[in-house]
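Chemist: First the structure, then my questions, so here it is.
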Amino acid sequence: MSLIHCQPIELPQIPDARGNLTVIEGDKIPFQIRRVYYLSDVPDGTKRGGHAHKALHQFIFASSGAFDIHLDDGHEKRTVHLHRNNLGLYVCPMIWREIDNFSPGAVCMVLASDHYLESDYYRDYSDFLATVRSDLK
Ligand code: TYD
């Protein structure tokens with residue numbers, strides 16, 4: 001799994017004079033959704049994330065406001081600015097991610113392929129790097 005697999009997904013949005021209606025259908029997301037959580041009220045200047053998942057797939061978008069997500073597969077890095085509530089990013093397993101530059105009132109919505117499991121996390125960057133680099137040997 002590498003950054004190539006982390007692709008944007010556009011959600012259908014139905015605008016009208018009363019506002020926008022945005023739809024998430026399970027079969028448009030590349031994994032079965034088992035959990036939804038969100039980050040809100042993030043203080044200015046705060047960084048979230050700072051970990052990778054061993055097996056978890058996620059779809060991340062700004063349901064309001066904006067933030068940056070920095071992705072790193074141990075070989076390449078990429079930053080994506082998420083600022084539209086109908087354009088999210090699929091993040092595959094084994095991607096180190098950090099999220100920062102939250103605008104005031106931003107909400108980071110995360111759809112995830114499994115329930116919370118601490119043993120699915122790499123929280124130490126050097127452990128993560130050692131694992132992805134040893135996979136190449
Ligand atoms: P963490 O995943 O480190 O947050 P972030 O990546 O947004 O910075 O989680 C923060 C804390 O919340 C940590 O103690 C684990 C806990 N947590 C749950 O209990 N359930 C969950 O679904 C998530 C995502 C985190």
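Labels for the structure tokens follow display order: chains A, B, ..., residues from 1 in each chain, ligands from 1.
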Run DSSP on the backbone and tell me which residues of segment 4-137 of chain A come out as strand (DSSP E or B); list them as a PDB file with N, CA, C and O atoms, in the first residue's frame.
Modeler:
ATOM      1  N   PRO A   8      -8.503  10.997  -4.105  1.00  0.00           N
ATOM      2  CA  PRO A   8      -9.696  11.767  -3.739  1.00  0.00           C
ATOM      3  C   PRO A   8     -10.972  11.066  -4.213  1.00  0.00           C
ATOM      4  O   PRO A   8     -10.955  10.377  -5.230  1.00  0.00           O
ATOM      5  N   ILE A   9     -12.022  11.224  -3.455  1.00  0.00           N
ATOM      6  CA  ILE A   9     -13.344  10.716  -3.855  1.00  0.00           C
ATOM      7  C   ILE A   9     -14.314  11.887  -3.732  1.00  0.00           C
ATOM      8  O   ILE A   9     -14.397  12.523  -2.667  1.00  0.00           O
ATOM      9  N   GLU A  10     -15.014  12.165  -4.809  1.00  0.00           N
ATOM     10  CA  GLU A  10     -15.997  13.244  -4.794  1.00  0.00           C
ATOM     11  C   GLU A  10     -17.363  12.665  -4.437  1.00  0.00           C
ATOM     12  O   GLU A  10     -17.777  11.642  -4.981  1.00  0.00           O
ATOM     13  N   GLN A  13     -23.342  15.912  -4.705  1.00  0.00           N
ATOM     14  CA  GLN A  13     -23.936  17.008  -3.930  1.00  0.00           C
ATOM     15  C   GLN A  13     -25.090  17.595  -4.729  1.00  0.00           C
ATOM     16  O   GLN A  13     -24.950  17.856  -5.926  1.00  0.00           O
ATOM     17  N   ILE A  14     -26.208  17.779  -4.046  1.00  0.00           N
ATOM     18  CA  ILE A  14     -27.403  18.313  -4.695  1.00  0.00           C
ATOM     19  C   ILE A  14     -27.659  19.702  -4.129  1.00  0.00           C
ATOM     20  O   ILE A  14     -28.103  19.839  -2.984  1.00  0.00           O
ATOM     21  N   PRO A  15     -27.288  20.727  -4.908  1.00  0.00           N
ATOM     22  CA  PRO A  15     -27.491  22.091  -4.421  1.00  0.00           C
ATOM     23  C   PRO A  15     -28.906  22.567  -4.737  1.00  0.00           C
ATOM     24  O   PRO A  15     -29.465  22.184  -5.761  1.00  0.00           O
ATOM     25  N   ASP A  16     -29.479  23.322  -3.872  1.00  0.00           N
ATOM     26  CA  ASP A  16     -30.670  24.085  -4.240  1.00  0.00           C
ATOM     27  C   ASP A  16     -30.714  25.327  -3.370  1.00  0.00           C
ATOM     28  O   ASP A  16     -29.816  25.555  -2.549  1.00  0.00           O
ATOM     29  N   GLY A  19     -29.908  25.163   0.270  1.00  0.00           N
ATOM     30  CA  GLY A  19     -28.613  24.664   0.743  1.00  0.00           C
ATOM     31  C   GLY A  19     -28.210  23.406  -0.011  1.00  0.00           C
ATOM     32  O   GLY A  19     -28.933  22.941  -0.894  1.00  0.00           O
ATOM     33  N   ASN A  20     -27.059  22.852   0.372  1.00  0.00           N
ATOM     34  CA  ASN A  20     -26.524  21.674  -0.321  1.00  0.00           C
ATOM     35  C   ASN A  20     -26.872  20.405   0.435  1.00  0.00           C
ATOM     36  O   ASN A  20     -26.816  20.372   1.670  1.00  0.00           O
ATOM     37  N   LEU A  21     -27.160  19.365  -0.315  1.00  0.00           N
ATOM     38  CA  LEU A  21     -27.370  18.042   0.282  1.00  0.00           C
ATOM     39  C   LEU A  21     -26.296  17.119  -0.297  1.00  0.00           C
ATOM     40  O   LEU A  21     -26.150  17.024  -1.522  1.00  0.00           O
ATOM     41  N   THR A  22     -25.511  16.508   0.575  1.00  0.00           N
ATOM     42  CA  THR A  22     -24.391  15.670   0.125  1.00  0.00           C
ATOM     43  C   THR A  22     -24.655  14.233   0.553  1.00  0.00           C
ATOM     44  O   THR A  22     -25.135  13.987   1.668  1.00  0.00           O
ATOM     45  N   ARG A  35     -17.303   2.385  11.240  1.00  0.00           N
ATOM     46  CA  ARG A  35     -17.218   3.396  12.297  1.00  0.00           C
ATOM     47  C   ARG A  35     -17.145   4.776  11.650  1.00  0.00           C
ATOM     48  O   ARG A  35     -16.557   4.924  10.570  1.00  0.00           O
ATOM     49  N   VAL A  36     -17.755   5.731  12.309  1.00  0.00           N
ATOM     50  CA  VAL A  36     -17.654   7.129  11.882  1.00  0.00           C
ATOM     51  C   VAL A  36     -17.268   7.933  13.117  1.00  0.00           C
ATOM     52  O   VAL A  36     -17.860   7.742  14.186  1.00  0.00           O
ATOM     53  N   TYR A  37     -16.247   8.779  12.996  1.00  0.00           N
ATOM     54  CA  TYR A  37     -15.938   9.693  14.093  1.00  0.00           C
ATOM     55  C   TYR A  37     -15.495  11.027  13.507  1.00  0.00           C
ATOM     56  O   TYR A  37     -15.258  11.126  12.293  1.00  0.00           O
ATOM     57  N   TYR A  38     -15.448  12.035  14.341  1.00  0.00           N
ATOM     58  CA  TYR A  38     -15.048  13.337  13.812  1.00  0.00           C
ATOM     59  C   TYR A  38     -14.309  14.142  14.855  1.00  0.00           C
ATOM     60  O   TYR A  38     -14.486  13.965  16.064  1.00  0.00           O
ATOM     61  N   LEU A  39     -13.452  15.019  14.338  1.00  0.00           N
ATOM     62  CA  LEU A  39     -12.681  15.949  15.167  1.00  0.00           C
ATOM     63  C   LEU A  39     -13.318  17.320  15.021  1.00  0.00           C
ATOM     64  O   LEU A  39     -13.569  17.764  13.893  1.00  0.00           O
ATOM     65  N   ARG A  48      -3.168  17.023  14.701  1.00  0.00           N
ATOM     66  CA  ARG A  48      -3.785  15.737  15.066  1.00  0.00           C
ATOM     67  C   ARG A  48      -3.113  14.647  14.233  1.00  0.00           C
ATOM     68  O   ARG A  48      -2.302  14.914  13.364  1.00  0.00           O
ATOM     69  N   GLY A  49      -3.513  13.410  14.484  1.00  0.00           N
ATOM     70  CA  GLY A  49      -2.893  12.300  13.766  1.00  0.00           C
ATOM     71  C   GLY A  49      -1.529  12.029  14.380  1.00  0.00           C
ATOM     72  O   GLY A  49      -1.408  11.948  15.600  1.00  0.00           O
ATOM     73  N   GLY A  50      -0.528  11.878  13.511  1.00  0.00           N
ATOM     74  CA  GLY A  50       0.786  11.512  14.037  1.00  0.00           C
ATOM     75  C   GLY A  50       0.817  10.018  14.308  1.00  0.00           C
ATOM     76  O   GLY A  50       1.260   9.566  15.364  1.00  0.00           O
ATOM     77  N   HIS A  51       0.289   9.259  13.357  1.00  0.00           N
ATOM     78  CA  HIS A  51       0.301   7.798  13.469  1.00  0.00           C
ATOM     79  C   HIS A  51      -0.026   7.187  12.117  1.00  0.00           C
ATOM     80  O   HIS A  51      -0.424   7.899  11.176  1.00  0.00           O
ATOM     81  N   ALA A  52       0.134   5.864  12.030  1.00  0.00           N
ATOM     82  CA  ALA A  52      -0.303   5.104  10.854  1.00  0.00           C
ATOM     83  C   ALA A  52      -1.135   3.940  11.352  1.00  0.00           C
ATOM     84  O   ALA A  52      -1.048   3.559  12.532  1.00  0.00           O
ATOM     85  N   HIS A  53      -1.937   3.378  10.474  1.00  0.00           N
ATOM     86  CA  HIS A  53      -2.733   2.198  10.822  1.00  0.00           C
ATOM     87  C   HIS A  53      -2.220   0.990  10.055  1.00  0.00           C
ATOM     88  O   HIS A  53      -1.888   1.087   8.878  1.00  0.00           O
ATOM     89  N   GLN A  58      -9.518   4.355   5.687  1.00  0.00           N
ATOM     90  CA  GLN A  58     -10.289   5.523   6.123  1.00  0.00           C
ATOM     91  C   GLN A  58     -10.646   6.408   4.935  1.00  0.00           C
ATOM     92  O   GLN A  58      -9.934   6.445   3.923  1.00  0.00           O
ATOM     93  N   PHE A  59     -11.726   7.128   5.107  1.00  0.00           N
ATOM     94  CA  PHE A  59     -12.111   8.172   4.158  1.00  0.00           C
ATOM     95  C   PHE A  59     -12.287   9.438   4.986  1.00  0.00           C
ATOM     96  O   PHE A  59     -13.052   9.455   5.958  1.00  0.00           O
ATOM     97  N   ILE A  60     -11.533  10.482   4.635  1.00  0.00           N
ATOM     98  CA  ILE A  60     -11.427  11.677   5.476  1.00  0.00           C
ATOM     99  C   ILE A  60     -11.868  12.893   4.673  1.00  0.00           C
ATOM    100  O   ILE A  60     -11.437  13.068   3.521  1.00  0.00           O
ATOM    101  N   PHE A  61     -12.713  13.703   5.261  1.00  0.00           N
ATOM    102  CA  PHE A  61     -13.112  14.939   4.572  1.00  0.00           C
ATOM    103  C   PHE A  61     -13.469  16.009   5.593  1.00  0.00           C
ATOM    104  O   PHE A  61     -13.691  15.713   6.781  1.00  0.00           O
ATOM    105  N   ALA A  62     -13.498  17.257   5.108  1.00  0.00           N
ATOM    106  CA  ALA A  62     -13.865  18.393   5.968  1.00  0.00           C
ATOM    107  C   ALA A  62     -15.361  18.617   5.800  1.00  0.00           C
ATOM    108  O   ALA A  62     -15.788  19.147   4.775  1.00  0.00           O
ATOM    109  N   SER A  63     -16.156  18.201   6.786  1.00  0.00           N
ATOM    110  CA  SER A  63     -17.604  18.425   6.634  1.00  0.00           C
ATOM    111  C   SER A  63     -17.923  19.896   6.860  1.00  0.00           C
ATOM    112  O   SER A  63     -18.963  20.382   6.437  1.00  0.00           O
ATOM    113  N   SER A  64     -17.008  20.616   7.529  1.00  0.00           N
ATOM    114  CA  SER A  64     -17.049  22.071   7.449  1.00  0.00           C
ATOM    115  C   SER A  64     -15.633  22.587   7.639  1.00  0.00           C
ATOM    116  O   SER A  64     -14.771  21.881   8.183  1.00  0.00           O
ATOM    117  N   PHE A  67      -8.683  21.874   6.403  1.00  0.00           N
ATOM    118  CA  PHE A  67      -7.440  21.496   7.099  1.00  0.00           C
ATOM    119  C   PHE A  67      -6.510  20.872   6.068  1.00  0.00           C
ATOM    120  O   PHE A  67      -6.925  20.578   4.936  1.00  0.00           O
ATOM    121  N   ASP A  68      -5.258  20.673   6.472  1.00  0.00           N
ATOM    122  CA  ASP A  68      -4.278  19.981   5.615  1.00  0.00           C
ATOM    123  C   ASP A  68      -4.034  18.595   6.180  1.00  0.00           C
ATOM    124  O   ASP A  68      -3.933  18.427   7.415  1.00  0.00           O
ATOM    125  N   ILE A  69      -3.898  17.635   5.284  1.00  0.00           N
ATOM    126  CA  ILE A  69      -3.496  16.295   5.725  1.00  0.00           C
ATOM    127  C   ILE A  69      -2.191  15.949   5.015  1.00  0.00           C
ATOM    128  O   ILE A  69      -2.090  16.069   3.792  1.00  0.00           O
ATOM    129  N   HIS A  70      -1.196  15.596   5.823  1.00  0.00           N
ATOM    130  CA  HIS A  70       0.137  15.268   5.306  1.00  0.00           C
ATOM    131  C   HIS A  70       0.268  13.747   5.327  1.00  0.00           C
ATOM    132  O   HIS A  70       0.131  13.123   6.395  1.00  0.00           O
ATOM    133  N   LEU A  71       0.512  13.160   4.173  1.00  0.00           N
ATOM    134  CA  LEU A  71       0.575  11.705   4.028  1.00  0.00           C
ATOM    135  C   LEU A  71       2.012  11.282   3.753  1.00  0.00           C
ATOM    136  O   LEU A  71       2.733  11.986   3.030  1.00  0.00           O
ATOM    137  N   ASP A  72       2.376  10.112   4.274  1.00  0.00           N
ATOM    138  CA  ASP A  72       3.754   9.634   4.126  1.00  0.00           C
ATOM    139  C   ASP A  72       3.706   8.110   4.125  1.00  0.00           C
ATOM    140  O   ASP A  72       3.236   7.497   5.096  1.00  0.00           O
ATOM    141  N   LYS A  77       6.072  11.601   0.245  1.00  0.00           N
ATOM    142  CA  LYS A  77       5.176  12.410   1.083  1.00  0.00           C
ATOM    143  C   LYS A  77       4.286  13.258   0.181  1.00  0.00           C
ATOM    144  O   LYS A  77       4.719  13.662  -0.906  1.00  0.00           O
ATOM    145  N   ARG A  78       3.100  13.536   0.656  1.00  0.00           N
ATOM    146  CA  ARG A  78       2.182  14.403  -0.099  1.00  0.00           C
ATOM    147  C   ARG A  78       1.285  15.129   0.893  1.00  0.00           C
ATOM    148  O   ARG A  78       0.900  14.563   1.923  1.00  0.00           O
ATOM    149  N   THR A  79       0.979  16.390   0.590  1.00  0.00           N
ATOM    150  CA  THR A  79       0.038  17.155   1.417  1.00  0.00           C
ATOM    151  C   THR A  79      -1.205  17.458   0.601  1.00  0.00           C
ATOM    152  O   THR A  79      -1.100  17.854  -0.565  1.00  0.00           O
ATOM    153  N   VAL A  80      -2.364  17.230   1.212  1.00  0.00           N
ATOM    154  CA  VAL A  80      -3.637  17.513   0.545  1.00  0.00           C
ATOM    155  C   VAL A  80      -4.395  18.511   1.417  1.00  0.00           C
ATOM    156  O   VAL A  80      -4.505  18.313   2.636  1.00  0.00           O
ATOM    157  N   HIS A  81      -4.890  19.562   0.788  1.00  0.00           N
ATOM    158  CA  HIS A  81      -5.707  20.557   1.497  1.00  0.00           C
ATOM    159  C   HIS A  81      -7.166  20.169   1.277  1.00  0.00           C
ATOM    160  O   HIS A  81      -7.628  20.161   0.131  1.00  0.00           O
ATOM    161  N   LEU A  82      -7.857  19.796   2.346  1.00  0.00           N
ATOM    162  CA  LEU A  82      -9.270  19.408   2.216  1.00  0.00           C
ATOM    163  C   LEU A  82     -10.126  20.589   2.645  1.00  0.00           C
ATOM    164  O   LEU A  82     -10.032  21.059   3.784  1.00  0.00           O
ATOM    165  N   LEU A  87     -15.636  16.641  -1.045  1.00  0.00           N
ATOM    166  CA  LEU A  87     -14.421  16.051  -1.638  1.00  0.00           C
ATOM    167  C   LEU A  87     -13.522  15.548  -0.521  1.00  0.00           C
ATOM    168  O   LEU A  87     -12.991  16.329   0.268  1.00  0.00           O
ATOM    169  N   GLY A  88     -13.393  14.218  -0.466  1.00  0.00           N
ATOM    170  CA  GLY A  88     -12.603  13.613   0.607  1.00  0.00           C
ATOM    171  C   GLY A  88     -11.456  12.804   0.043  1.00  0.00           C
ATOM    172  O   GLY A  88     -11.255  12.728  -1.175  1.00  0.00           O
ATOM    173  N   LEU A  89     -10.720  12.217   0.954  1.00  0.00           N
ATOM    174  CA  LEU A  89      -9.521  11.474   0.577  1.00  0.00           C
ATOM    175  C   LEU A  89      -9.600  10.075   1.167  1.00  0.00           C
ATOM    176  O   LEU A  89      -9.829   9.909   2.380  1.00  0.00           O
ATOM    177  N   TYR A  90      -9.415   9.075   0.310  1.00  0.00           N
ATOM    178  CA  TYR A  90      -9.282   7.699   0.787  1.00  0.00           C
ATOM    179  C   TYR A  90      -7.844   7.514   1.270  1.00  0.00           C
ATOM    180  O   TYR A  90      -6.888   7.813   0.530  1.00  0.00           O
ATOM    181  N   VAL A  91      -7.681   7.045   2.492  1.00  0.00           N
ATOM    182  CA  VAL A  91      -6.344   6.779   3.046  1.00  0.00           C
ATOM    183  C   VAL A  91      -6.257   5.282   3.343  1.00  0.00           C
ATOM    184  O   VAL A  91      -7.000   4.750   4.185  1.00  0.00           O
ATOM    185  N   TRP A  96       1.486   6.989   7.191  1.00  0.00           N
ATOM    186  CA  TRP A  96       1.648   7.914   8.315  1.00  0.00           C
ATOM    187  C   TRP A  96       0.935   9.215   7.950  1.00  0.00           C
ATOM    188  O   TRP A  96       1.086   9.706   6.829  1.00  0.00           O
ATOM    189  N   ARG A  97       0.131   9.746   8.877  1.00  0.00           N
ATOM    190  CA  ARG A  97      -0.602  10.978   8.561  1.00  0.00           C
ATOM    191  C   ARG A  97      -0.568  11.950   9.733  1.00  0.00           C
ATOM    192  O   ARG A  97      -0.586  11.556  10.903  1.00  0.00           O
ATOM    193  N   GLU A  98      -0.493  13.232   9.344  1.00  0.00           N
ATOM    194  CA  GLU A  98      -0.630  14.306  10.325  1.00  0.00           C
ATOM    195  C   GLU A  98      -1.626  15.294   9.759  1.00  0.00           C
ATOM    196  O   GLU A  98      -1.658  15.496   8.535  1.00  0.00           O
ATOM    197  N   ILE A  99      -2.434  15.859  10.619  1.00  0.00           N
ATOM    198  CA  ILE A  99      -3.471  16.791  10.156  1.00  0.00           C
ATOM    199  C   ILE A  99      -3.272  18.095  10.920  1.00  0.00           C
ATOM    200  O   ILE A  99      -3.155  18.091  12.153  1.00  0.00           O
ATOM    201  N   ASP A 100      -3.188  19.206  10.173  1.00  0.00           N
ATOM    202  CA  ASP A 100      -2.983  20.497  10.832  1.00  0.00           C
ATOM    203  C   ASP A 100      -3.617  21.599   9.998  1.00  0.00           C
ATOM    204  O   ASP A 100      -4.345  21.326   9.040  1.00  0.00           O
ATOM    205  N   VAL A 107     -14.450  20.805  10.882  1.00  0.00           N
ATOM    206  CA  VAL A 107     -14.807  19.466  11.387  1.00  0.00           C
ATOM    207  C   VAL A 107     -14.189  18.448  10.434  1.00  0.00           C
ATOM    208  O   VAL A 107     -14.426  18.484   9.220  1.00  0.00           O
ATOM    209  N   CYS A 108     -13.376  17.555  11.001  1.00  0.00           N
ATOM    210  CA  CYS A 108     -12.713  16.501  10.224  1.00  0.00           C
ATOM    211  C   CYS A 108     -13.508  15.217  10.423  1.00  0.00           C
ATOM    212  O   CYS A 108     -13.492  14.632  11.507  1.00  0.00           O
ATOM    213  N   MET A 109     -14.214  14.812   9.391  1.00  0.00           N
ATOM    214  CA  MET A 109     -15.040  13.592   9.464  1.00  0.00           C
ATOM    215  C   MET A 109     -14.209  12.419   8.978  1.00  0.00           C
ATOM    216  O   MET A 109     -13.517  12.535   7.956  1.00  0.00           O
ATOM    217  N   VAL A 110     -14.316  11.304   9.681  1.00  0.00           N
ATOM    218  CA  VAL A 110     -13.568  10.103   9.297  1.00  0.00           C
ATOM    219  C   VAL A 110     -14.520   8.914   9.244  1.00  0.00           C
ATOM    220  O   VAL A 110     -15.197   8.606  10.243  1.00  0.00           O
ATOM    221  N   LEU A 111     -14.579   8.266   8.105  1.00  0.00           N
ATOM    222  CA  LEU A 111     -15.275   6.993   7.973  1.00  0.00           C
ATOM    223  C   LEU A 111     -14.193   5.925   8.022  1.00  0.00           C
ATOM    224  O   LEU A 111     -13.158   6.063   7.355  1.00  0.00           O
ATOM    225  N   ALA A 112     -14.407   4.875   8.791  1.00  0.00           N
ATOM    226  CA  ALA A 112     -13.340   3.896   9.004  1.00  0.00           C
ATOM    227  C   ALA A 112     -13.858   2.482   8.794  1.00  0.00           C
ATOM    228  O   ALA A 112     -15.042   2.194   8.979  1.00  0.00           O
ATOM    229  N   TYR A 121      -2.492   0.594  15.623  1.00  0.00           N
ATOM    230  CA  TYR A 121      -1.746   1.849  15.405  1.00  0.00           C
ATOM    231  C   TYR A 121      -0.234   1.628  15.399  1.00  0.00           C
ATOM    232  O   TYR A 121       0.279   0.877  16.219  1.00  0.00           O
ATOM    233  N   TYR A 122       0.469   2.366  14.512  1.00  0.00           N
ATOM    234  CA  TYR A 122       1.882   2.680  14.721  1.00  0.00           C
ATOM    235  C   TYR A 122       1.888   4.093  15.251  1.00  0.00           C
ATOM    236  O   TYR A 122       1.458   5.014  14.551  1.00  0.00           O
TER     237      TYR A 122
END
Chemist: Nearest residue to ligand 1 out of A:Arg18, A:Lys28, A:Lys54, A:Arg123, using only C-alpha atoms and all ligand atoms?
Modeler: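 Checking each candidate against ligand 1, we get A:Arg123 as the closest.
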Chemist: Given only C-alpha atoms and all ligand atoms as the basis, pick out the residue of A:Cys92, A:Leu56, A:Ala130, A:Val23 nearest to ligand 1.
Modeler: A:Leu56
Chemist: Hey, what's within 8 Å of Ser2 of chain A if we count only C-alpha atoms and toss same-chain stuff fewer than 6 positions away? As number ranges by chain, please?
Modeler: A: 73, 92, 94-95
Chemist: Which parts of chain A does DSSP call alpha helix (DSSP H) when run on the backbone here, written out as a PyMOL selection string?
Modeler: chain A and resi 125-134
Chemist: Between atom CA of Val132 of chain A and atom CA of Ala55 of chain A, what is the distance in Å, rounded to a tenth?
Modeler: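 Atom CA of Ala55 of chain A lies 13.2 Å from atom CA of Val132 of chain A.
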Chemist: Just checking: using only C-alpha atoms, which residue out of A:Thr46, A:Tyr116, A:Asn86, A:Met1 ends up closest to Asn101 of chain A?
Modeler: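 Looking only at the distances to Asn101 of chain A, the closest residue turns out to be A:Thr46.
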Chemist: Would you work out the distance separating atom 9 (O, counted along the ligand's line) of ligand 1 from atom CA of Phe31 of chain A, expressed in Å to one decimal?
Modeler: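 Between atom 9 (O, counted along the ligand's line) of ligand 1 and atom CA of Phe31 of chain A the gap is 20.9 Å.
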Chemist: Tell me, as JSON, numbers by chain, which residues lie within 10 Å of Asp41 of chain A, counting only C-alpha atoms; anything in the same chain fewer than 4 positions away does not count.
Modeler: {"A": [102, 103, 104, 105, 106, 107, 108]}
Chemist: I need the chosen residues saved as a PDB file, in the first residue's frame, with C-alpha atoms.
Modeler:
ATOM      1  CA  PHE A 102      -7.466  23.604  10.885  1.00  0.00           C
ATOM      2  CA  SER A 103      -9.604  26.623  10.028  1.00  0.00           C
ATOM      3  CA  PRO A 104     -11.832  27.987  12.821  1.00  0.00           C
ATOM      4  CA  GLY A 105     -14.861  25.698  13.190  1.00  0.00           C
ATOM      5  CA  ALA A 106     -13.405  22.962  10.954  1.00  0.00           C
ATOM      6  CA  VAL A 107     -14.807  19.466  11.387  1.00  0.00           C
ATOM      7  CA  CYS A 108     -12.713  16.501  10.224  1.00  0.00           C
TER       8      CYS A 108
END
Chemist: Give me, please, the distance in Å between atom CA of Tyr125 of chain A and atom CA of His75 of chain A, quoted to one decimal.
Modeler: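 Calculated distance between atom CA of Tyr125 of chain A and atom CA of His75 of chain A is 12.8 Å.
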